[in-house]
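Inspection log for the structure reproduced underneath, given as structure tokens.
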There are 2 protein chains.
Amino acid sequence: MAEKVRTIYDLAELAGVSPATVSRALAGKNVVNAKTAERIRKLADEHGFSPSSIARNLRTRRRGAIGVVIPLGHELGQHISDPFFMTLIGCLADELTERGFDLVLSRVIPDRDDWLQKMIDADRVDGFIIIGQSDQSKVLDAVAKTFLPMVAWGAFVQGQVHCSVGSDNFLGGKLATQHLIERGCRTIAFLGNPQAIELSLRLEGARSAVSETDGKVVLLEFPTHLAAELSGEEIVGYLDHAEKMPDGFFAASDMIALTAIQVLAARGLSVPGDVRVIGYDDLSVARTCIPPLTTIRQDIAGGAAHLVENLFKRIEGKATGSVVLNPELVIRSST
Amino acid sequence: MAEKVRTIYDLAELAGVSPATVSRALAGKNVVNAKTAERIRKLADEHGFSPSSIARNLRTRRRGAIGVVIPLGHELGQHISDPFFMTLIGCLADELTERGFDLVLSRVIPDRDDWLQKMIDADRVDGFIIIGQSDQSKVLDAVAKTFLPMVAWGAFVQGQVHCSVGSDNFLGGKLATQHLIERGCRTIAFLGNPQAIELSLRLEGARSAVSETDGKVVLLEFPTHLAAELSGEEIVGYLDHAEKMPDGFFAASDMIALTAIQVLAARGLSVPGDVRVIGYDDLSVARTCIPPLTTIRQDIAGGAAHLVENLFKRIEGKATGSVVLNPELVIRSST
DNA sequence: AAATTTTCTGCAATCGATTGCGCGTGAGCG
DNA sequence: CGCTCACGCGCAATCGATTGCAGAAAATTT
């Protein structure tokens, strides 16, 4: 059994049929006789043969692959290690694999405005999933006017052209803050960088919740220059200079919350005894850390499913609206 | 300027030359007259034209893409969110992009032994980078006998057939433990799942360091069923039942170390005052947490560079040996 | 000025599948 | 028994580039 079966022509010869028939049999088309098809398929896997996907791609003008791109805005290298995005990518990988599509990953540093158009022109994938709009919303909007198969994870803002899937960050921020207030917190610190659009919405939500208390609660804002990570030192710095010691912390991500808990512990403050801490995302680590973290759950798997579903609709030419998912308060022990 | 330039034929007509010339001009071959080439290139980007990579791939038998695959062994979903792997993937993305290659990401659940062969047969990429051998070393070895363009991140064991790049986990474990001993620890706890080959080597290293102390130091082993994450509860459980309270912790990953620090803080033990904790990996979080974590540094970017370099050598047909990188002790404040 | 070499360019085959169209065959029908 | 109609299958064109080979034009040599 020499390994000479490289093309459907070889296999056709072996099976005594035409390459066309082999092609149809392997593609599972019902126009070919069931027995013939079966025989061909058997032969194919005896010889470990599977038709060249590249040739197929060329002929069918379909690529069988989706580009997942992470625009890095200004924050080189930070984004990609964000556990939230990574979990999302994992879910996307599952979702796409299930549909028989490959996932082509790119991180791009958007130096010129045509980075996306270049990727489209390269024509290697059937569609794009953009993870986080970064500061590239205009680019996305410009492209979206004529290019359908693209969806972005991230915030939805009125009037945007491109299709996005994301959770309601304003609502999430509000829920988190209301929860702290209900738990009795009167001085709440927000930890996170509001330069990132999503985090700024969470902060807005927090402000909204606080403003509904008629001044009974004050909100301290501890911004930082990194979206995903807030260093322990930074938090220490804020605490040292805070006009008033917070009794509640709303961390804009679970990772930040973890750092906060450590910092507080180092100062002899127990959570939730002395201060309460709520996170955001509900990463798996939120469940396993000590104390288990109260947090705002973003449905990552659900988000991935929506992204993929909308993308495939768009690949078929149907326009789709943006999706705003509802965040959910998950109460554990840290509040 | 109607958008009719879809193929090199269209462009050839516009330029008044043959498609062959267009192809050569765009590929930057020096056989074509410099002026003609320039004219063609100018025309090409006026019309936003770039030749179909799929057609090229078919003709040249090169794919311009590398498969990065994460075998999930038994631990569904856990691996992918491991910050270490994610950082590695980020570096790989940079490295590959720089060489003009796409990165095709797959997570596979190795249910049948032919998962890798199937991927090879699909013929969509020029080579594979396997992230972590999981429990699939035999599969890798079997494939490596006849299939060159593949390298794996992970452990190197005597006699293995496939090419691996990884750091010396035994040495790393030894360094970590010796450091704890030097700091005065006499009861050291290892936190991590030795079912993962890399972690088991770290444990070996720890044992070796301890055995050189003539019984002055004891090693407690706190295994767990998860490689990457160790839940706080589990650690609590170990502490409650430990015959002797450890004064030093060797966590098999930085993430585990973070959890450990939290648990200890919750028990009123300060780090490094009461107990010392050392991590492994030197993720960026190790620098920013409180207290900054002493850890064993794995050179992720360097590892990625080696992986890619070896892979490309192999794509060119040159065999390469495995690479074992030296881990490095990074002393911060947690010990 | 003729001969030779160099420089460009074009022809046509090729990469490996998919698919519209048409033909032959046997079943179903009157 | 002749006619229609599915059903299976094959022919050949096609997807969009790349490249060996050969020939024309220009440059160089003799």
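Going through the structure tokens in order, the chains are called A, B, and so on, while each chain numbers its residues from 1 and the ligands are numbered from 1 in the order shown.
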Requested in this report: Enumerate as a PyMOL selection string the residues belonging to chain B that approach chain C to within 7 Å, with only C-alpha atoms (C1' of nucleotides) taken into account.
Outcome: chain B and resi 18+21+32-33+58-59
- Would you mind writing down, as a list in words, each residue of region 137-269 of chain B that DSSP on the backbone assigns to strand (DSSP E or B)? Met150, Val151, Ala152, Trp153, Cys163, Ser164, Val165, Gly166, Ser167, Thr187, Ile188, Ala189, Phe190, Leu191, Val218, Leu219, Leu220, Glu221, Phe222, Gly248, Phe249, Phe250 and Ala251 of chain B
Close residues, Val68 (chain A) itself excluded, 12 Å, only C-alpha atoms (C1' of nucleotides), min 2 positions apart in chain, as a ChimeraX atom specification:
/A:65-66,70-71,85-86,88-93,96,101-108,116,119,124-132,150-153,304,307-308,311 /B:93,102-105
Using only C-alpha atoms (C1' of nucleotides), find which residues of chain D lie within 10 Å of chain B and jot them down as an MDAnalysis selection string. chainID D and resid 15:19
TODO: Select from region 44-196 of chain B everything DSSP, run on the backbone, classes as alpha helix (DSSP H), then give the selection as a ChimeraX atom specification.
DONE: /B:44-46,53-60,83-98,115-122,137-144,169-182
